[in-house]
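Below is the file protein15.cif, which contains mmCIF, C-alpha atoms.
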data_protein
#
loop_
_atom_site.label_atom_id
_atom_site.label_comp_id
_atom_site.auth_asym_id
_atom_site.auth_seq_id
_atom_site.Cartn_x
_atom_site.Cartn_y
_atom_site.Cartn_z
CA MET A 2 52.54 81.07 182.81
CA LYS A 3 49.23 82.94 182.71
CA ILE A 4 47.54 83.51 179.35
CA LEU A 5 44.37 85.60 179.09
CA LEU A 6 42.03 85.32 176.12
CA LYS A 7 39.68 88.31 176.11
CA ASN A 8 36.89 89.74 173.95
CA ILE A 9 36.02 86.23 172.72
CA LYS A 10 33.10 86.46 170.31
CA GLU A 11 31.78 83.09 171.53
CA LEU A 12 33.30 80.53 173.88
CA LEU A 13 32.05 77.05 172.99
CA GLN A 14 31.46 73.88 175.02
CA VAL A 15 31.35 75.69 178.36
CA ARG A 16 30.37 73.18 181.04
CA GLU A 17 30.77 73.85 184.75
CA THR A 18 30.06 70.22 185.63
CA PRO A 19 30.48 68.33 182.36
CA PRO A 20 28.95 64.91 181.74
CA SER A 21 31.37 62.18 180.71
CA ARG A 22 29.59 62.03 177.33
CA VAL A 23 26.52 63.41 175.59
CA CYS A 24 23.93 61.15 173.98
CA GLY A 25 20.97 61.31 171.62
CA SER A 26 19.02 64.56 171.59
CA ASP A 27 21.44 66.11 174.13
CA MET A 28 24.03 66.24 171.36
CA LYS A 29 22.04 69.07 169.77
CA THR A 30 22.93 71.31 172.74
CA LEU A 31 26.25 73.14 172.74
CA PRO A 32 26.51 75.48 175.75
CA THR A 33 28.34 78.73 174.97
CA LEU A 34 29.19 82.16 176.37
CA LYS A 35 29.18 85.24 174.15
CA ASN A 36 31.60 88.16 174.60
CA ALA A 37 33.71 86.09 176.99
CA TRP A 38 37.15 85.73 178.51
CA LEU A 39 39.23 82.67 179.39
CA LEU A 40 42.19 82.45 181.78
CA ILE A 41 44.85 79.77 181.37
CA GLU A 42 47.36 79.08 184.13
CA ASN A 43 50.23 76.78 183.14
CA GLU A 44 48.58 73.65 181.70
CA THR A 45 45.00 74.14 182.90
CA ILE A 46 41.91 76.28 182.44
CA SER A 47 41.78 78.49 185.51
CA ASP A 48 38.66 80.60 185.00
CA TYR A 49 36.28 82.07 182.44
CA GLY A 50 33.28 84.36 182.24
CA GLU A 51 31.56 87.17 180.36
CA MET A 52 33.43 90.38 179.61
CA HIS A 53 30.96 92.56 181.48
CA ASN A 54 32.00 90.73 184.67
CA PHE A 55 35.72 90.79 183.88
CA ILE A 56 38.14 92.27 186.43
CA GLU A 57 41.64 93.13 185.20
CA ILE A 58 44.30 90.71 186.42
CA GLU A 59 48.05 90.43 185.93
CA THR A 60 49.02 87.93 183.23
CA ASP A 61 52.06 86.98 181.16
CA LYS A 62 50.28 87.17 177.82
CA ILE A 63 47.01 88.64 176.56
CA ILE A 64 45.38 87.46 173.33
CA ASP A 65 42.65 89.70 171.92
CA CYS A 66 39.99 87.42 170.42
CA THR A 67 37.71 90.12 169.02
CA GLY A 68 35.53 88.56 166.32
CA LYS A 69 37.00 85.11 167.02
CA ILE A 70 35.52 81.92 168.47
CA VAL A 71 37.28 79.75 171.06
CA LEU A 72 36.53 76.06 171.56
CA PRO A 73 38.18 73.01 173.12
CA ALA A 74 40.90 71.41 171.02
CA TRP A 75 39.79 68.37 169.05
CA CYS A 76 39.98 64.95 170.70
CA ASP A 77 40.94 62.39 168.02
CA SER A 78 40.19 58.98 169.50
CA HIS A 79 41.23 56.80 166.55
CA SER A 80 44.49 57.15 164.63
CA HIS A 81 47.41 55.14 163.28
CA LEU A 82 49.73 58.16 163.15
CA VAL A 83 52.92 56.16 163.74
CA TYR A 84 53.71 54.51 160.41
CA ALA A 85 56.52 54.34 157.84
CA GLY A 86 56.44 55.70 154.31
CA ASN A 87 53.20 56.01 152.38
CA ARG A 88 50.94 54.11 149.98
CA GLU A 89 50.15 56.54 147.19
CA GLN A 90 50.52 53.79 144.55
CA GLU A 91 47.57 51.95 146.09
CA PHE A 92 45.60 55.19 145.89
CA VAL A 93 46.25 55.21 142.14
CA ASP A 94 45.34 51.51 141.91
CA ARG A 95 41.96 52.21 143.53
CA ILE A 96 41.31 54.99 141.03
CA LYS A 97 41.97 52.40 138.30
CA GLY A 98 39.31 50.13 139.77
CA LEU A 99 40.88 47.84 142.35
CA SER A 100 39.04 47.49 145.65
CA TYR A 101 40.59 47.82 149.13
CA GLN A 102 40.20 44.06 149.56
CA GLU A 103 41.77 43.25 146.16
CA ILE A 104 44.78 45.42 146.95
CA ALA A 105 45.18 43.61 150.28
CA GLU A 106 45.02 40.20 148.56
CA ARG A 107 47.88 41.29 146.27
CA GLY A 108 50.14 42.02 149.24
CA GLY A 109 49.20 45.66 149.56
CA GLY A 110 47.27 47.36 152.31
CA ILE A 111 48.28 46.72 155.90
CA LEU A 112 50.90 44.13 154.89
CA ASN A 113 52.62 46.69 152.67
CA SER A 114 52.84 49.16 155.57
CA ALA A 115 54.05 46.41 157.90
CA LYS A 116 56.93 45.53 155.58
CA LYS A 117 58.03 49.18 155.39
CA LEU A 118 57.76 49.65 159.13
CA GLN A 119 59.77 46.53 159.93
CA GLN A 120 62.58 47.91 157.76
CA THR A 121 62.50 51.37 159.39
CA SER A 122 64.61 52.17 162.44
CA GLU A 123 62.92 53.35 165.61
CA GLU A 124 64.62 56.75 165.33
CA ASP A 125 63.55 57.25 161.71
CA LEU A 126 60.02 56.20 162.62
CA PHE A 127 60.01 58.79 165.41
CA ILE A 128 61.22 61.52 163.03
CA GLN A 129 58.50 60.72 160.47
CA SER A 130 55.83 60.58 163.17
CA SER A 131 57.02 63.82 164.78
CA GLN A 132 56.21 65.71 161.58
CA ARG A 133 52.67 64.32 161.67
CA ILE A 134 52.13 65.09 165.34
CA MET A 135 53.20 68.69 164.81
CA GLU A 136 50.81 68.98 161.87
CA VAL A 137 47.78 67.65 163.78
CA MET A 138 48.46 70.04 166.66
CA GLN A 139 48.54 72.95 164.21
CA LEU A 140 45.19 71.68 162.90
CA GLY A 141 43.71 71.95 166.39
CA THR A 142 44.07 68.48 167.91
CA GLY A 143 44.90 68.53 171.61
CA ALA A 144 44.56 64.82 172.43
CA ILE A 145 45.02 61.81 170.18
CA GLU A 146 44.98 58.03 170.38
CA ILE A 147 47.70 56.19 168.41
CA LYS A 148 47.45 52.50 167.56
CA SER A 149 50.12 49.99 166.67
CA GLY A 150 49.16 47.39 164.07
CA TYR A 151 51.55 48.17 161.22
CA GLY A 152 54.30 46.04 162.73
CA LEU A 153 52.79 42.53 162.81
CA THR A 154 55.92 41.15 164.47
CA THR A 155 56.64 41.37 168.18
CA GLU A 156 59.66 43.63 167.69
CA ALA A 157 57.89 45.98 165.25
CA GLU A 158 54.70 46.28 167.33
CA LEU A 159 56.72 47.21 170.41
CA LYS A 160 58.71 49.70 168.32
CA MET A 161 55.52 51.47 167.23
CA LEU A 162 54.23 51.76 170.78
CA ARG A 163 57.56 53.01 172.10
CA VAL A 164 57.59 55.73 169.44
CA ALA A 165 54.01 56.74 170.29
CA LYS A 166 54.88 56.96 173.99
CA ARG A 167 57.98 59.04 173.19
CA LEU A 168 55.86 61.46 171.14
CA GLY A 169 53.73 62.01 174.23
CA LYS A 170 56.80 62.91 176.25
CA GLU A 171 58.41 65.25 173.72
CA PHE A 172 55.32 67.15 172.53
CA PRO A 173 52.65 68.91 174.63
CA ILE A 174 49.77 66.95 173.04
CA THR A 175 48.10 64.26 175.19
CA ILE A 176 48.63 60.81 173.64
CA LYS A 177 46.90 57.52 174.46
CA THR A 178 48.28 54.31 172.94
CA THR A 179 46.50 51.17 171.74
CA PHE A 180 47.95 47.72 170.99
CA LEU A 181 46.56 46.50 167.65
CA GLY A 182 48.68 43.44 166.92
CA ALA A 183 45.57 41.77 165.49
CA HIS A 184 45.25 44.24 162.62
CA ALA A 185 45.91 41.70 159.85
CA VAL A 186 47.50 38.27 159.40
CA PRO A 187 51.10 38.61 158.18
CA GLU A 188 52.25 36.79 155.05
CA GLU A 189 54.23 34.16 156.93
CA TYR A 190 51.05 33.16 158.79
CA LYS A 191 48.80 33.33 155.71
CA ASN A 192 47.53 29.78 156.21
CA ASN A 193 47.86 29.79 159.99
CA LYS A 194 45.76 32.60 161.45
CA THR A 195 45.39 30.66 164.70
CA GLY A 196 49.16 30.53 165.03
CA TYR A 197 49.45 34.30 164.58
CA LEU A 198 46.67 35.01 167.06
CA ASP A 199 48.48 32.75 169.55
CA LEU A 200 51.62 34.85 168.99
CA VAL A 201 49.63 38.03 169.68
CA CYS A 202 48.08 36.58 172.84
CA ASN A 203 51.00 34.63 174.27
CA GLU A 204 54.05 36.69 173.28
CA MET A 205 53.07 40.23 172.27
CA LEU A 206 50.47 40.92 174.96
CA PRO A 207 52.71 39.97 177.92
CA LEU A 208 55.58 42.12 176.60
CA VAL A 209 53.34 45.11 175.87
CA ALA A 210 51.98 44.87 179.41
CA LYS A 211 55.43 44.35 180.97
CA GLU A 212 56.78 47.52 179.31
CA ASN A 213 53.60 49.43 180.23
CA LEU A 214 53.24 50.58 176.63
CA THR A 215 49.46 50.86 176.39
CA GLU A 216 46.10 51.22 178.12
CA PHE A 217 43.98 49.82 175.30
CA VAL A 218 43.79 46.73 173.08
CA ASP A 219 42.21 46.56 169.62
CA ILE A 220 41.38 43.99 166.92
CA PHE A 221 40.11 44.27 163.34
CA CYS A 222 36.91 42.21 163.62
CA GLU A 223 35.98 41.93 159.96
CA THR A 224 35.38 39.40 157.18
CA GLY A 225 38.77 38.30 155.84
CA TYR A 226 40.62 39.50 158.94
CA PHE A 227 39.57 38.33 162.42
CA SER A 228 36.31 36.64 163.39
CA VAL A 229 34.05 37.18 166.40
CA ALA A 230 35.58 34.05 167.93
CA ASP A 231 39.06 35.52 167.42
CA THR A 232 37.86 38.77 168.99
CA ASN A 233 36.48 36.96 172.02
CA LYS A 234 39.75 35.07 172.42
CA LEU A 235 41.98 38.15 172.26
CA LEU A 236 39.82 40.39 174.43
CA SER A 237 39.46 37.67 177.07
CA GLU A 238 43.24 37.27 177.15
CA ALA A 239 43.76 41.05 177.31
CA LYS A 240 41.64 41.26 180.46
CA LYS A 241 44.39 39.42 182.30
CA TYR A 242 46.55 42.49 181.73
CA ASN A 243 43.78 45.01 182.53
CA LEU A 244 43.76 46.32 178.96
CA ILE A 245 40.58 48.09 177.86
CA PRO A 246 39.07 47.02 174.49
CA LYS A 247 38.55 49.45 171.57
CA ILE A 248 37.71 47.52 168.40
CA HIS A 249 37.59 48.05 164.62
CA VAL A 250 34.25 46.66 163.52
CA ASN A 251 31.58 46.80 160.77
CA GLN A 252 33.77 48.59 158.23
CA PHE A 253 32.66 46.38 155.34
CA THR A 254 30.38 43.73 156.85
CA ALA A 255 28.33 43.13 160.00
CA ILE A 256 29.33 39.80 161.55
CA GLY A 257 28.36 40.33 165.20
CA GLY A 258 31.44 42.25 166.28
CA VAL A 259 29.51 45.14 167.86
CA LYS A 260 27.68 42.77 170.20
CA ALA A 261 30.98 41.11 171.08
CA GLY A 262 32.56 44.49 171.82
CA VAL A 263 29.72 45.48 174.13
CA ALA A 264 29.91 42.08 175.86
CA HIS A 265 33.58 42.76 176.60
CA GLN A 266 32.75 46.30 177.81
CA ALA A 267 34.69 47.92 174.99
CA LEU A 268 35.28 51.63 175.53
CA SER A 269 34.51 52.20 171.85
CA VAL A 270 33.50 50.42 168.66
CA ASP A 271 34.97 52.18 165.65
CA HIS A 272 34.06 52.46 161.93
CA LEU A 273 30.43 51.23 161.84
CA GLU A 274 29.97 52.07 158.16
CA VAL A 275 27.66 49.05 158.07
CA LEU A 276 25.12 48.93 160.89
CA THR A 277 22.21 46.62 161.70
CA ASP A 278 19.25 46.98 164.04
CA GLU A 279 20.87 44.29 166.19
CA ASP A 280 23.97 46.46 166.52
CA ILE A 281 21.87 49.43 167.64
CA THR A 282 20.13 47.27 170.24
CA ALA A 283 23.47 45.96 171.52
CA LEU A 284 24.80 49.50 171.97
CA GLN A 285 21.75 50.78 173.83
CA ASN A 286 22.11 50.71 177.62
CA SER A 287 25.86 50.12 177.26
CA LYS A 288 28.79 52.37 178.11
CA THR A 289 30.43 51.74 174.72
CA MET A 290 31.02 54.77 172.48
CA PRO A 291 30.28 54.41 168.74
CA VAL A 292 33.01 56.16 166.73
CA ALA A 293 32.59 57.30 163.12
CA LEU A 294 35.49 57.93 160.73
CA PRO A 295 34.03 59.97 157.86
CA SER A 296 37.30 60.85 156.15
CA CYS A 297 37.93 57.10 155.71
CA SER A 298 34.55 56.80 153.95
CA PHE A 299 35.48 59.82 151.81
CA PHE A 300 38.87 58.42 150.80
CA LEU A 301 37.72 54.84 150.10
CA SER A 302 34.35 55.83 148.60
CA ILE A 303 32.52 53.50 150.98
CA PRO A 304 29.30 54.25 152.90
CA TYR A 305 29.37 56.74 155.77
CA THR A 306 28.45 55.65 159.29
CA PRO A 307 24.66 56.14 159.67
CA ALA A 308 25.12 58.77 162.36
CA ARG A 309 21.51 59.93 162.38
CA LYS A 310 20.36 56.38 163.08
CA LEU A 311 22.70 56.17 166.07
CA ILE A 312 21.87 59.58 167.54
CA ASP A 313 18.14 59.26 166.92
CA ALA A 314 18.24 55.96 168.81
CA GLY A 315 19.45 57.88 171.86
CA LEU A 316 23.09 56.86 171.48
CA PRO A 317 26.24 58.98 171.69
CA LEU A 318 28.67 59.40 168.81
CA ALA A 319 32.33 60.37 168.59
CA LEU A 320 34.24 61.49 165.50
CA ALA A 321 37.88 60.67 164.73
CA THR A 322 40.28 60.76 161.79
CA ASP A 323 41.54 57.17 161.37
CA TYR A 324 44.80 58.84 160.24
CA ASN A 325 46.76 56.10 158.45
CA PRO A 326 48.72 55.59 155.20
CA GLY A 327 46.18 53.40 153.42
CA SER A 328 42.60 54.49 153.97
CA THR A 329 42.89 57.97 155.54
CA PRO A 330 46.18 59.80 154.98
CA SER A 331 44.96 62.85 156.88
CA GLY A 332 44.82 63.87 160.53
CA ASN A 333 42.63 66.90 159.86
CA MET A 334 39.82 66.89 162.42
CA ASN A 335 38.38 70.06 160.86
CA PHE A 336 37.64 68.09 157.70
CA VAL A 337 36.18 65.27 159.81
CA VAL A 338 33.77 67.69 161.51
CA ALA A 339 32.78 69.22 158.17
CA SER A 340 32.31 65.79 156.55
CA ALA A 341 30.09 64.69 159.42
CA CYS A 342 27.83 67.68 158.79
CA ILE A 343 27.88 67.46 154.99
CA LYS A 344 27.72 63.69 154.47
CA MET A 345 26.29 62.32 157.72
CA LYS A 346 23.78 65.12 158.37
CA LEU A 347 25.00 66.06 161.83
CA THR A 348 24.28 69.58 162.99
CA PRO A 349 27.34 71.70 163.84
CA GLU A 350 26.45 71.30 167.53
CA GLU A 351 26.33 67.51 167.24
CA ALA A 352 29.59 67.38 165.28
CA ILE A 353 31.46 69.59 167.76
CA ASN A 354 30.17 67.52 170.68
CA ALA A 355 31.26 64.36 168.86
CA ALA A 356 34.76 65.73 168.18
CA THR A 357 35.37 67.12 171.68
CA ILE A 358 33.56 65.77 174.73
CA ASN A 359 32.64 62.39 173.20
CA GLY A 360 36.07 62.00 171.63
CA ALA A 361 37.59 62.55 175.07
CA TYR A 362 35.32 59.84 176.49
CA ALA A 363 36.54 57.39 173.84
CA MET A 364 40.09 57.84 175.17
CA ASN A 365 39.26 57.78 178.90
CA LEU A 366 40.00 61.52 179.05
CA SER A 367 36.63 62.80 180.23
CA GLN A 368 38.14 64.24 183.40
CA THR A 369 40.75 66.32 181.59
CA HIS A 370 39.68 67.10 178.01
CA GLY A 371 36.77 67.89 175.74
CA SER A 372 35.15 70.92 177.37
CA ILE A 373 35.83 74.40 178.73
CA THR A 374 35.80 73.51 182.41
CA LYS A 375 37.89 74.84 185.29
CA GLY A 376 40.74 72.45 186.02
CA LYS A 377 40.70 70.76 182.61
CA SER A 378 43.56 70.81 180.13
CA ALA A 379 44.26 74.22 178.60
CA SER A 380 43.95 72.89 175.06
CA VAL A 381 41.91 75.24 172.90
CA ILE A 382 41.44 76.47 169.34
CA ILE A 383 41.18 80.18 168.56
CA THR A 384 39.56 80.66 165.17
CA LYS A 385 40.11 83.50 162.73
CA LYS A 386 37.34 86.09 162.59
CA ILE A 387 34.26 84.15 161.48
CA PRO A 388 30.51 84.90 161.58
CA SER A 389 29.49 81.83 163.66
CA TYR A 390 30.62 78.34 164.60
CA GLY A 391 28.41 76.98 161.82
CA PHE A 392 30.92 78.57 159.46
CA LEU A 393 33.54 75.98 160.51
CA PRO A 394 31.94 73.02 158.66
CA TYR A 395 30.42 75.32 156.02
CA ALA A 396 33.77 76.66 154.78
CA PHE A 397 35.31 73.19 154.83
CA GLY A 398 38.18 74.02 152.47
CA SER A 399 39.48 77.04 154.39
CA ASN A 400 41.95 77.12 157.23
CA LEU A 401 39.93 78.95 159.86
CA ILE A 402 42.34 78.43 162.77
CA ASP A 403 44.28 81.44 164.02
CA THR A 404 45.99 80.00 167.11
CA VAL A 405 46.15 76.64 168.90
CA ILE A 406 47.07 76.19 172.56
CA VAL A 407 47.87 72.63 173.67
CA ASN A 408 48.24 71.92 177.38
CA GLY A 409 49.02 75.58 177.95
CA GLU A 410 51.63 75.85 175.17
CA LEU A 411 51.15 78.03 172.10
CA VAL A 412 51.57 75.87 168.99
#
Render the structure in this file as C-alpha cells.
Amino acid sequence: MKILLKNIKELLQVRETPPSRVCGSDMKTLPTLKNAWLLIENETISDYGEMHNFIEIETDKIIDCTGKIVLPAWCDSHSHLVYAGNREQEFVDRIKGLSYQEIAERGGGILNSAKKLQQTSEEDLFIQSSQRIMEVMQLGTGAIEIKSGYGLTTEAELKMLRVAKRLGKEFPITIKTTFLGAHAVPEEYKNNKTGYLDLVCNEMLPLVAKENLTEFVDIFCETGYFSVADTNKLLSEAKKYNLIPKIHVNQFTAIGGVKAGVAHQALSVDHLEVLTDEDITALQNSKTMPVALPSCSFFLSIPYTPARKLIDAGLPLALATDYNPGSTPSGNMNFVVASACIKMKLTPEEAINAATINGAYAMNLSQTHGSITKGKSASVIITKKIPSYGFLPYAFGSNLIDTVIVNGELV
C-alpha cells in the first residue's frame, strides 16, 4: 500500500544518513524540511522531499498535512507494559505519607504486582496488555521495549515474556523484550537473596534463552534490591546466552552500578535520578546510553535525572516512560517529552532527539527506527495544526496528535 503525506508544514528528524545516536551539543540540532511530502510504501519510508520538487505519483491514499507537523513515532526504550491489575491503593498510601521503600517493606510495590500476575492467566494477561499497547500506539509510540520482572517465579516470568512476544506478532508496533527476573527478591526468598539470584541465573536464564524470548537482560541494581556484586554475577552469566545488558540503576542511591553497567557493555543504564561525577566519567567514551524516566520522577515526587549535566558533558540521552503499575502508570511519551523540557530543561530539539533516534539506539533499533530516512520503518506521527514543534511540550495537557502510522498501518 502506498500512502502519500503532502503539504507537510514541517517534517522533523530528516536524516539521509542518520547516526546511530546523537550526543552532547549535537542534540540541539533537529534537521527538518518545511513544506514537505513523505511517501510510505507498505511498511517503510520510500521517499520524501520539498513540495516545490514534488511530482505527482499514483498512490492508494493521500493525507493532506496542511498546517501539520510530521515526525518519527516515539521510541520508548523502557517499559513494564505487561502487568496484571493496578496499584492505586499504594498511590493513596504515598499521598498519606508512606515512601516507595516503606510500601515495599509492607509487601506492596513489586511484590504486590508479582502476586497478582502469578494469579492471572496468560490469556487474561494478554487481554489486559493489549489494551495498553493499543493506547500507546494511539499516543504516537511506534517501538517499545517491554520487561518482565513482575513474575518473580520461573513460570510467571516466562508467561510475561511470551505475552510481550505475542503482542509484537498481533499488533504492528515493534516490540523488544527484556528479561528482568532480578527486579526484586520474592517473599519466599526474603532471607535468601543468594538463593533467588541462583534461581534466576541457573533456571530462569537457560529457559528464557531456550525459548528465544528476549534479546536483553536487566537487573535492579539499587540499595535494598540487588548489589553491584549481584549485578556482576547476573550479567556475567547472561553473557553465556548472548543477552545484552540494560540495567535499572541510581534511582534512589548511587552504589557503583553505572560503572558496572559500562564494564559489562550495557546498551543502556536507566533511571539515573541520582548521579555522581564518577558516573559521568564512567559513561564518557562508552557506548552505553543513559536513559531518563521523567514521568517516574513526577509520579513518585523524586528528583529528575540531571539531564543538563549529562548532555553538557558530551553524553547522549534517551527518554522513556517506565510504564508500570507502581511508579509510572502511564505510557504517554508526549508527557515524557514535555516533562523533560519543563522539569529537566531540555530544549524541544534535545527532547525529540532523546525520544526518537536515541530511544531507538537504546533498543538496538538504530537501523530501522528513530528518524525520517529512506528504508526505515514507516512509523510516524501527524500532529494537529500547530504553530511549531515547540508547541508540543508547551501545550503539555492537550492531545496534539491527529494521526499515527505504525509500520505502515494507520492506527
For this session: Might you pull out every residue within 7 Å of A:His370, with all atoms listed in the file counted and same-chain residues fewer than 5 positions away left off, and present them as an MDAnalysis selection string?
Result: chainID A and resid 361 377:378
Problem set entry | Pick from A:Met345, A:Met364, A:Leu162, A:Val259, whichever lies nearest to A:Ser298 using all atoms listed in the file |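 Among the listed residues, A:Met345 lies closest to A:Ser298.
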Problem set entry | Selection: 9 Å around A:Thr179, all atoms listed in the file, excl. self and same-chain fewer than 5 positions, as a PyMOL selection string | chain A and resi 146-150+162+214-219+246-247
Saved selection, atoms kept: C-alpha atoms, as a PDB file, in the frame of the given file:
ATOM      1  CA  GLU A 146      44.980  58.030 170.380  1.00  0.00           C
ATOM      2  CA  ILE A 147      47.700  56.190 168.410  1.00  0.00           C
ATOM      3  CA  LYS A 148      47.450  52.500 167.560  1.00  0.00           C
ATOM      4  CA  SER A 149      50.120  49.990 166.670  1.00  0.00           C
ATOM      5  CA  GLY A 150      49.160  47.390 164.070  1.00  0.00           C
ATOM      6  CA  LEU A 162      54.230  51.760 170.780  1.00  0.00           C
ATOM      7  CA  LEU A 214      53.240  50.580 176.630  1.00  0.00           C
ATOM      8  CA  THR A 215      49.460  50.860 176.390  1.00  0.00           C
ATOM      9  CA  GLU A 216      46.100  51.220 178.120  1.00  0.00           C
ATOM     10  CA  PHE A 217      43.980  49.820 175.300  1.00  0.00           C
ATOM     11  CA  VAL A 218      43.790  46.730 173.080  1.00  0.00           C
ATOM     12  CA  ASP A 219      42.210  46.560 169.620  1.00  0.00           C
ATOM     13  CA  PRO A 246      39.070  47.020 174.490  1.00  0.00           C
ATOM     14  CA  LYS A 247      38.550  49.450 171.570  1.00  0.00           C
TER      15      LYS A 247
END
Exercise. What would the list of residues within 12 Å of (42.9, 35.1, 169.3) (file frame) look like as number ranges by chain, if only C-alpha atoms are what count?
Worked result: A: 182-186, 193-206, 219-222, 226-239
Exercise. Atom CA of A:Glu44 and atom CA of A:Glu350 are how many Å apart?
Worked result: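 Atom CA of A:Glu350 lies at a distance of 26.4 Å from atom CA of A:Glu44.
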For this session: Determine the residue set returned by the PyMOL selection byres ((chain A and resi 50) around 8) for the present structure, and present it as a VMD selection string.
Result: chain A and resid 34 37 to 39 48 to 49 51 to 52 54 to 55
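Here atom CA of A:Glu158 is placed at a distance of 22.7 Å from atom CA of A:Gly262.
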Problem set entry | Counting only C-alpha atoms, the residue of A:Ala74, A:Leu13, A:Glu212, A:Ile46 that sits nearest A:Gly141 |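 Closest to A:Gly141 of all the choices is A:Ala74.
Taking atom CA of A:Tyr151 as the reference point, atom CA of A:Ile358 is found at 28.6 Å.
Counting all atoms listed in the file, the residue from A:Val23, A:Ile383, A:Ile256, A:Ile41 that sits nearest to A:Ala352 is A:Val23.
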Problem set entry | Close residues, A:Arg309 itself excluded, 9 Å, all atoms listed in the file, min 5 positions apart in chain, as a ChimeraX atom specification | /A:314,345-347
Once the PyMOL selection byres ((chain A and resi 316-333) around 7) has been applied to the shown file, what residues remain in the selection, as a PDB file with C-alpha atoms, in the frame of the given file?
ATOM      1  CA  VAL A  23      26.520  63.410 175.590  1.00  0.00           C
ATOM      2  CA  CYS A  24      23.930  61.150 173.980  1.00  0.00           C
ATOM      3  CA  GLY A  25      20.970  61.310 171.620  1.00  0.00           C
ATOM      4  CA  ASP A  77      40.940  62.390 168.020  1.00  0.00           C
ATOM      5  CA  SER A  78      40.190  58.980 169.500  1.00  0.00           C
ATOM      6  CA  HIS A  79      41.230  56.800 166.550  1.00  0.00           C
ATOM      7  CA  SER A  80      44.490  57.150 164.630  1.00  0.00           C
ATOM      8  CA  HIS A  81      47.410  55.140 163.280  1.00  0.00           C
ATOM      9  CA  LEU A  82      49.730  58.160 163.150  1.00  0.00           C
ATOM     10  CA  ASN A  87      53.200  56.010 152.380  1.00  0.00           C
ATOM     11  CA  ARG A  88      50.940  54.110 149.980  1.00  0.00           C
ATOM     12  CA  GLY A 110      47.270  47.360 152.310  1.00  0.00           C
ATOM     13  CA  VAL A 137      47.780  67.650 163.780  1.00  0.00           C
ATOM     14  CA  LEU A 140      45.190  71.680 162.900  1.00  0.00           C
ATOM     15  CA  GLN A 285      21.750  50.780 173.830  1.00  0.00           C
ATOM     16  CA  MET A 290      31.020  54.770 172.480  1.00  0.00           C
ATOM     17  CA  PRO A 291      30.280  54.410 168.740  1.00  0.00           C
ATOM     18  CA  VAL A 292      33.010  56.160 166.730  1.00  0.00           C
ATOM     19  CA  ALA A 293      32.590  57.300 163.120  1.00  0.00           C
ATOM     20  CA  LEU A 294      35.490  57.930 160.730  1.00  0.00           C
ATOM     21  CA  SER A 296      37.300  60.850 156.150  1.00  0.00           C
ATOM     22  CA  CYS A 297      37.930  57.100 155.710  1.00  0.00           C
ATOM     23  CA  PHE A 300      38.870  58.420 150.800  1.00  0.00           C
ATOM     24  CA  LEU A 301      37.720  54.840 150.100  1.00  0.00           C
ATOM     25  CA  LEU A 311      22.700  56.170 166.070  1.00  0.00           C
ATOM     26  CA  ILE A 312      21.870  59.580 167.540  1.00  0.00           C
ATOM     27  CA  ALA A 314      18.240  55.960 168.810  1.00  0.00           C
ATOM     28  CA  GLY A 315      19.450  57.880 171.860  1.00  0.00           C
ATOM     29  CA  MET A 334      39.820  66.890 162.420  1.00  0.00           C
ATOM     30  CA  ASN A 335      38.380  70.060 160.860  1.00  0.00           C
ATOM     31  CA  PHE A 336      37.640  68.090 157.700  1.00  0.00           C
ATOM     32  CA  VAL A 337      36.180  65.270 159.810  1.00  0.00           C
ATOM     33  CA  ALA A 355      31.260  64.360 168.860  1.00  0.00           C
ATOM     34  CA  ALA A 356      34.760  65.730 168.180  1.00  0.00           C
ATOM     35  CA  ASN A 359      32.640  62.390 173.200  1.00  0.00           C
ATOM     36  CA  GLY A 360      36.070  62.000 171.630  1.00  0.00           C
TER      37      GLY A 360
END
Problem set entry | Spatial neighbours of stretch 277-280 of chain A, max dist 10 Å, only C-alpha atoms, sep filter under 4 positions, as number ranges by chain | A: 251, 254-261, 263, 273, 284-285, 310-311
Problem set entry | Shell around A:Lys344 at 8 Å using all atoms listed in the file, local window under 3 positions removed, as a ChimeraX atom specification | /A:305,340-341
For this session: Find the residue from A:Gly109, A:Gly152, A:Pro304, A:Gly143 that sits nearest to A:Phe92; use only C-alpha atoms when measuring.
Result: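 Going through A:Gly109, A:Gly152, A:Pro304, A:Gly143 one by one, the smallest distance to A:Phe92 is for A:Gly109.
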Problem set entry | Selection as number ranges by chain: residues within 6 Å of (47.1, 65.5, 172.0), counting all atoms listed in the file | A: 142-145, 174-176
For this session: Report the residues retrieved by the PyMOL selection byres ((chain A and resi 66) around 12) from the displayed file, expressed as an MDAnalysis selection string.
Result: chainID A and resid 5:12 35:39 52 63:65 67:72 382:387 403:404
With C-alpha atoms kept, could you save the residues just selected as a JSON list (two decimals), in the frame of the given file?
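Written output follows (out_39.json):
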[["chain", "number", "residue", "atom", "x", "y", "z"],
["A", 5, "LEU", "CA", 44.37, 85.60, 179.09],
["A", 6, "LEU", "CA", 42.03, 85.32, 176.12],
["A", 7, "LYS", "CA", 39.68, 88.31, 176.11],
["A", 8, "ASN", "CA", 36.89, 89.74, 173.95],
["A", 9, "ILE", "CA", 36.02, 86.23, 172.72],
["A", 10, "LYS", "CA", 33.10, 86.46, 170.31],
["A", 11, "GLU", "CA", 31.78, 83.09, 171.53],
["A", 12, "LEU", "CA", 33.30, 80.53, 173.88],
["A", 35, "LYS", "CA", 29.18, 85.24, 174.15],
["A", 36, "ASN", "CA", 31.60, 88.16, 174.60],
["A", 37, "ALA", "CA", 33.71, 86.09, 176.99],
["A", 38, "TRP", "CA", 37.15, 85.73, 178.51],
["A", 39, "LEU", "CA", 39.23, 82.67, 179.39],
["A", 52, "MET", "CA", 33.43, 90.38, 179.61],
["A", 63, "ILE", "CA", 47.01, 88.64, 176.56],
["A", 64, "ILE", "CA", 45.38, 87.46, 173.33],
["A", 65, "ASP", "CA", 42.65, 89.70, 171.92],
["A", 67, "THR", "CA", 37.71, 90.12, 169.02],
["A", 68, "GLY", "CA", 35.53, 88.56, 166.32],
["A", 69, "LYS", "CA", 37.00, 85.11, 167.02],
["A", 70, "ILE", "CA", 35.52, 81.92, 168.47],
["A", 71, "VAL", "CA", 37.28, 79.75, 171.06],
["A", 72, "LEU", "CA", 36.53, 76.06, 171.56],
["A", 382, "ILE", "CA", 41.44, 76.47, 169.34],
["A", 383, "ILE", "CA", 41.18, 80.18, 168.56],
["A", 384, "THR", "CA", 39.56, 80.66, 165.17],
["A", 385, "LYS", "CA", 40.11, 83.50, 162.73],
["A", 386, "LYS", "CA", 37.34, 86.09, 162.59],
["A", 387, "ILE", "CA", 34.26, 84.15, 161.48],
["A", 403, "ASP", "CA", 44.28, 81.44, 164.02],
["A", 404, "THR", "CA", 45.99, 80.00, 167.11]]
